[in-house]
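So this one's my_file-v1.txt, compact mmCIF, C-alpha atoms:
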# COMPACT_ATOMS: atom_id res chain seq x y z
CA MET O 1 -100.91 59.51 -33.36
CA TRP O 2 -99.96 55.87 -33.11
CA ILE O 3 -99.70 55.56 -36.89
CA THR O 4 -97.32 58.51 -37.26
CA GLY O 5 -95.42 58.09 -34.00
CA GLY O 6 -96.19 61.68 -33.02
CA ASP O 7 -94.24 63.09 -35.98
CA PRO O 8 -96.07 66.25 -37.17
CA ALA O 9 -94.73 65.94 -40.75
CA ALA O 10 -95.83 62.31 -40.99
CA ARG O 11 -99.24 63.25 -39.56
CA ARG O 12 -99.65 66.09 -42.10
CA SER O 13 -98.65 63.76 -44.91
CA ALA O 14 -101.12 61.07 -43.85
CA VAL O 15 -104.00 63.52 -43.40
CA ALA O 16 -103.26 65.24 -46.73
CA THR O 17 -104.13 61.97 -48.50
CA TRP O 18 -107.66 62.13 -47.11
CA ALA O 19 -108.57 64.97 -49.47
CA GLY O 20 -108.15 62.57 -52.41
CA LEU O 21 -110.60 60.05 -51.00
CA PRO O 22 -114.23 59.98 -52.11
CA ALA O 23 -116.32 62.03 -49.68
CA ALA O 24 -118.01 58.90 -48.32
CA ALA O 25 -114.61 57.40 -47.46
CA ARG O 26 -113.36 60.42 -45.49
CA PRO O 27 -113.84 60.69 -41.73
CA ASP O 28 -116.65 63.00 -40.63
CA PHE O 29 -114.28 64.63 -38.14
CA ALA O 30 -110.85 64.26 -36.59
CA SER O 31 -109.61 65.08 -33.12
CA VAL O 32 -106.75 67.58 -33.11
CA ASN O 33 -104.84 67.79 -29.84
CA LEU O 34 -103.73 71.34 -29.21
CA SER O 35 -100.84 70.07 -27.11
CA GLU O 36 -99.23 68.48 -30.18
CA PRO O 37 -96.97 70.40 -32.55
CA GLY O 38 -98.42 71.33 -35.92
CA TRP O 39 -102.06 71.32 -34.82
CA ALA O 40 -102.96 74.54 -36.67
CA ASP O 41 -101.55 73.24 -39.99
CA LEU O 42 -103.43 70.00 -39.44
CA CYS O 43 -106.69 71.92 -39.04
CA GLY O 44 -106.04 73.63 -42.35
CA LEU O 45 -105.55 70.29 -44.11
CA LEU O 46 -108.73 68.93 -42.56
CA ALA O 47 -110.69 71.96 -43.72
CA LEU O 48 -109.36 71.55 -47.27
CA ALA O 49 -110.56 67.94 -47.20
CA GLY O 50 -113.99 68.94 -45.88
CA ILE O 51 -113.39 67.22 -42.53
CA ALA O 52 -114.52 68.88 -39.31
CA ALA O 53 -112.01 69.34 -36.47
CA GLU O 54 -112.60 68.57 -32.80
CA ALA O 55 -110.25 70.50 -30.49
CA GLY O 56 -108.52 68.19 -28.01
CA VAL O 57 -107.92 70.34 -24.93
CA TRP O 58 -105.88 68.67 -22.18
CA SER O 59 -104.88 71.74 -20.17
CA GLN O 60 -105.50 75.41 -19.57
CA ALA O 61 -102.54 76.14 -21.88
CA ASP O 62 -104.36 74.24 -24.64
CA ALA O 63 -107.46 76.34 -23.93
CA ASP O 64 -105.34 79.47 -24.32
CA GLN O 65 -104.15 78.25 -27.74
CA LEU O 66 -107.74 77.57 -28.75
CA ALA O 67 -108.76 81.09 -27.79
CA ALA O 68 -105.74 82.58 -29.56
CA ALA O 69 -106.83 80.86 -32.79
CA GLY O 70 -110.07 82.83 -32.52
CA GLN O 71 -112.52 82.31 -35.34
CA ALA O 72 -109.83 81.06 -37.72
CA ILE O 73 -110.99 77.50 -37.03
CA ASP O 74 -114.63 76.48 -36.94
CA TRP O 75 -114.44 73.75 -34.30
CA LEU O 76 -116.98 70.96 -34.35
CA ARG O 77 -116.63 70.77 -30.57
CA ILE O 78 -114.10 70.94 -27.78
CA LEU O 79 -112.99 67.62 -26.34
CA VAL O 80 -111.89 68.29 -22.76
CA GLU O 81 -109.69 65.30 -22.08
CA ILE O 82 -108.17 64.48 -18.70
CA THR O 83 -105.40 61.89 -18.78
CA ASP O 84 -103.04 62.55 -15.89
CA ALA O 85 -104.91 64.09 -12.96
CA PRO O 86 -104.21 62.60 -9.54
CA ALA O 87 -106.71 59.94 -8.44
CA GLY O 88 -109.87 61.55 -7.12
CA LYS O 89 -109.00 64.91 -8.73
CA GLU O 90 -110.19 64.18 -12.28
CA ALA O 91 -113.39 66.24 -11.94
CA VAL O 92 -111.48 69.13 -10.37
CA ALA O 93 -109.03 69.15 -13.30
CA ALA O 94 -111.92 69.03 -15.78
CA ASP O 95 -113.79 71.84 -14.02
CA GLU O 96 -110.68 74.05 -14.08
CA ILE O 97 -110.39 73.65 -17.85
CA LEU O 98 -114.13 74.07 -18.42
CA ARG O 99 -114.15 77.24 -16.31
CA HIS O 100 -111.10 78.56 -18.18
CA LEU O 101 -112.85 77.92 -21.50
CA ASP O 102 -115.83 79.91 -20.17
CA ASP O 103 -113.53 82.74 -19.06
CA LEU O 104 -111.98 82.79 -22.54
CA GLY O 105 -115.43 83.06 -24.14
CA THR O 106 -115.27 79.86 -26.16
CA THR O 107 -118.67 78.86 -27.46
CA ALA O 108 -118.17 75.53 -29.27
CA PRO O 109 -120.01 72.55 -27.75
CA ARG O 110 -117.98 70.52 -25.26
CA LEU O 111 -117.46 66.83 -24.63
CA LEU O 112 -115.86 65.58 -21.40
CA HIS O 113 -113.58 62.58 -21.64
CA GLY O 114 -111.04 60.66 -19.61
CA GLU O 115 -108.58 57.87 -20.24
CA GLY O 116 -107.49 55.03 -18.00
CA ARG O 117 -108.51 55.45 -14.39
CA ALA O 118 -109.90 58.94 -15.18
CA CYS O 119 -112.46 57.42 -17.55
CA TRP O 120 -115.20 56.36 -15.13
CA PRO O 121 -115.12 59.35 -12.75
CA LEU O 122 -115.34 61.68 -15.73
CA ILE O 123 -118.28 59.82 -17.24
CA ALA O 124 -120.12 60.38 -13.96
CA HIS O 125 -119.02 64.02 -13.91
CA ALA O 126 -120.15 64.53 -17.50
CA GLY O 127 -123.54 63.14 -16.53
CA MET O 128 -123.75 65.46 -13.54
CA LEU O 129 -122.90 68.45 -15.78
CA GLY O 130 -125.16 67.31 -18.62
CA LEU O 131 -122.20 67.13 -21.01
CA PRO O 132 -121.75 64.45 -23.65
CA THR O 133 -118.93 61.97 -23.19
CA ARG O 134 -117.38 59.10 -25.11
CA ILE O 135 -115.97 55.69 -24.31
CA GLY O 136 -114.20 52.90 -26.11
CA LEU O 137 -111.44 50.35 -25.81
CA GLU O 138 -108.94 53.11 -26.66
CA ASP O 139 -109.88 54.73 -23.34
CA THR O 140 -110.12 51.76 -20.99
CA THR O 141 -110.33 48.00 -21.09
CA VAL O 142 -111.87 47.66 -17.65
CA GLY O 143 -115.23 48.47 -16.15
CA PRO O 144 -115.74 50.78 -13.18
CA ASP O 145 -115.16 47.84 -10.81
CA GLY O 146 -111.81 47.04 -12.45
CA SER O 147 -113.00 43.88 -14.19
CA THR O 148 -112.00 43.29 -17.80
CA VAL O 149 -114.69 44.13 -20.34
CA VAL O 150 -115.46 42.06 -23.43
CA GLY O 151 -115.80 44.94 -25.88
CA ASN O 152 -117.05 48.39 -26.77
CA ALA O 153 -120.72 47.40 -26.40
CA GLU O 154 -120.17 46.56 -22.73
CA LEU O 155 -118.28 49.81 -22.17
CA VAL O 156 -121.11 51.80 -23.73
CA ARG O 157 -123.73 50.02 -21.64
CA LEU O 158 -121.78 50.66 -18.42
CA ALA O 159 -121.05 54.27 -19.36
CA LEU O 160 -124.65 55.02 -20.22
CA HIS O 161 -125.78 53.61 -16.87
CA ILE O 162 -123.23 55.72 -14.94
CA TRP O 163 -123.86 58.87 -17.00
CA THR O 164 -127.64 58.58 -16.59
CA ALA O 165 -127.45 57.76 -12.85
CA SER O 166 -125.26 60.84 -12.30
CA ARG O 167 -127.74 63.27 -13.85
CA ALA O 168 -129.23 65.77 -11.46
CA PRO O 169 -132.95 65.12 -10.82
Translate this file's structure into structure tokens.
Amino acid sequence: MWITGGDPAARRSAVATWAGLPAAARPDFASVNLSEPGWADLCGLLALAGIAAEAGVWSQADADQLAAAGQAIDWLRILVEITDAPAGKEAVAADEILRHLDDLGTTAPRLLHGEGRACWPLIAHAGMLGLPTRIGLEDTTVGPDGSTVVGNAELVRLALHIWTASRAP
């Protein structure tokens, strides 16, 4: 999004160029946020280029759009992403979306993810639920104690520790 400034036409244009790349130079998958305009067209372009799509679901409304698309899109997985829940309510917000996805009958694998201050609580919650998660400098630049991290390797080490420690025995 940062490259195209959120402009759906610019995003479509940029992604359309990927089809002309050699297969080895194309991304394996791309995240498509269902809250952004033009997401369905973007999925079509990705499919034409042989690139899998990950559904970025930030809300129950996004989950409704995912369900409405039905089998038209073969999602790699559903990225449940929490970015703006009140402090201490990140897991509640995630559980509401996960439950709604269940109610809608979605079957694609899920990945739980948070940004900023939601990052660390959701890594622990993902561990508790046995869901995969992800982390990187795009998500946070600080560790769970608020100290600045030196890079992605440190984030991964910290996240793995938290995720593993949160797993039910």
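Residues with any atom within 8 Å of Thr133 in chain O, counting all atoms listed in the file and excluding same-chain neighbours fewer than 6 positions away, are Leu111, Leu112, His113, Ile123 and Ala126 of chain O.
With all atoms listed in the file as the basis for measurement, O:Ala153 is the residue among O:Ala53, O:Ile82, O:Ala153, O:Leu122 that approaches Leu137 in chain O most closely.
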Extract, using all atoms listed in the file, all DNA, RNA and protein residues at most 12 Å from Ala9 in chain O, discarding same-chain residues fewer than 2 positions from it, and format them as an mmCIF file with C-alpha atoms, in the frame of the given file.
data_model
loop_
_atom_site.group_PDB
_atom_site.id
_atom_site.type_symbol
_atom_site.label_atom_id
_atom_site.label_comp_id
_atom_site.auth_asym_id
_atom_site.auth_seq_id
_atom_site.Cartn_x
_atom_site.Cartn_y
_atom_site.Cartn_z
ATOM 1 C CA MET O 1 -100.910 59.510 -33.360
ATOM 2 C CA THR O 4 -97.320 58.510 -37.260
ATOM 3 C CA GLY O 5 -95.420 58.090 -34.000
ATOM 4 C CA GLY O 6 -96.190 61.680 -33.020
ATOM 5 C CA ASP O 7 -94.240 63.090 -35.980
ATOM 6 C CA ARG O 11 -99.240 63.250 -39.560
ATOM 7 C CA ARG O 12 -99.650 66.090 -42.100
ATOM 8 C CA SER O 13 -98.650 63.760 -44.910
ATOM 9 C CA ALA O 14 -101.120 61.070 -43.850
ATOM 10 C CA VAL O 15 -104.000 63.520 -43.400
ATOM 11 C CA ALA O 16 -103.260 65.240 -46.730
ATOM 12 C CA GLU O 36 -99.230 68.480 -30.180
ATOM 13 C CA PRO O 37 -96.970 70.400 -32.550
ATOM 14 C CA GLY O 38 -98.420 71.330 -35.920
ATOM 15 C CA TRP O 39 -102.060 71.320 -34.820
ATOM 16 C CA ASP O 41 -101.550 73.240 -39.990
ATOM 17 C CA LEU O 42 -103.430 70.000 -39.440
#
Task: Distance query 9 Å from (-102.3, 75.1, -30.2) using all atoms listed in the file, result as an MDAnalysis selection string - done: chainID O and resid 33:40 61:66 68:69
Mind dumping the selected residues with C-alpha atoms as a PDB file, keeping the file's coordinate frame?
ATOM      1  CA  ASN O  33    -104.840  67.790 -29.840  1.00  0.00           C
ATOM      2  CA  LEU O  34    -103.730  71.340 -29.210  1.00  0.00           C
ATOM      3  CA  SER O  35    -100.840  70.070 -27.110  1.00  0.00           C
ATOM      4  CA  GLU O  36     -99.230  68.480 -30.180  1.00  0.00           C
ATOM      5  CA  PRO O  37     -96.970  70.400 -32.550  1.00  0.00           C
ATOM      6  CA  GLY O  38     -98.420  71.330 -35.920  1.00  0.00           C
ATOM      7  CA  TRP O  39    -102.060  71.320 -34.820  1.00  0.00           C
ATOM      8  CA  ALA O  40    -102.960  74.540 -36.670  1.00  0.00           C
ATOM      9  CA  ALA O  61    -102.540  76.140 -21.880  1.00  0.00           C
ATOM     10  CA  ASP O  62    -104.360  74.240 -24.640  1.00  0.00           C
ATOM     11  CA  ALA O  63    -107.460  76.340 -23.930  1.00  0.00           C
ATOM     12  CA  ASP O  64    -105.340  79.470 -24.320  1.00  0.00           C
ATOM     13  CA  GLN O  65    -104.150  78.250 -27.740  1.00  0.00           C
ATOM     14  CA  LEU O  66    -107.740  77.570 -28.750  1.00  0.00           C
ATOM     15  CA  ALA O  68    -105.740  82.580 -29.560  1.00  0.00           C
ATOM     16  CA  ALA O  69    -106.830  80.860 -32.790  1.00  0.00           C
TER      17      ALA O  69
END
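Across the model, the gap from CA of Arg167 in chain O to CA of Ser147 in chain O is 24.4 Å.
We find CA of Leu160 in chain O and CA of Thr106 in chain O to be spaced 27.2 Å apart.
The nearest approach to Leu79 in chain O among the residues O:Asn152, O:Thr17, O:Ser59, O:Thr164, with only C-alpha atoms taken into account, belongs to O:Ser59.
You can rank O:Gly114, O:Gly50, O:Gly44, O:Pro109 by their closest distance to Trp18 in chain O using only C-alpha atoms, and at the top of that list sits O:Gly50.
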- [ ] Rank O:Ala165, O:Leu46, O:Ala159, O:Ala108 by their smallest atom-to-atom distance to Ile78 in chain O, using all atoms listed in the file, and report the top residue only.
- [x] O:Ala108
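Between Asp74 in chain O and the candidates O:Ala52, O:Val57, O:Ile97, O:Val92, the tightest atom-to-atom separation, counting all atoms listed in the file, involves O:Ala52.
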Open item on the list: as a PyMOL selection string, please: the residues near Ala93 in chain O (cut-off 10 Å, all atoms listed in the file, same-chain neighbours under 5 positions excluded).
Closed with: chain O and resi 58-60+80-86+88+98
C-alpha atoms of the current selection, written as a CSV table (one decimal), keeping the file's coordinate frame:
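Okay, this is what ended up in part.csv:
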chain,number,residue,atom,x,y,z
O,58,TRP,CA,-105.9,68.7,-22.2
O,59,SER,CA,-104.9,71.7,-20.2
O,60,GLN,CA,-105.5,75.4,-19.6
O,80,VAL,CA,-111.9,68.3,-22.8
O,81,GLU,CA,-109.7,65.3,-22.1
O,82,ILE,CA,-108.2,64.5,-18.7
O,83,THR,CA,-105.4,61.9,-18.8
O,84,ASP,CA,-103.0,62.6,-15.9
O,85,ALA,CA,-104.9,64.1,-13.0
O,86,PRO,CA,-104.2,62.6,-9.5
O,88,GLY,CA,-109.9,61.6,-7.1
O,98,LEU,CA,-114.1,74.1,-18.4
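Of note, CA of Gly70 in chain O and CA of Ala19 in chain O are spaced 24.7 Å apart.
Using all atoms listed in the file, the smallest distance between any of O:Leu104, O:Glu138, O:Glu96, O:Glu90 and Pro121 in chain O comes from O:Glu90.
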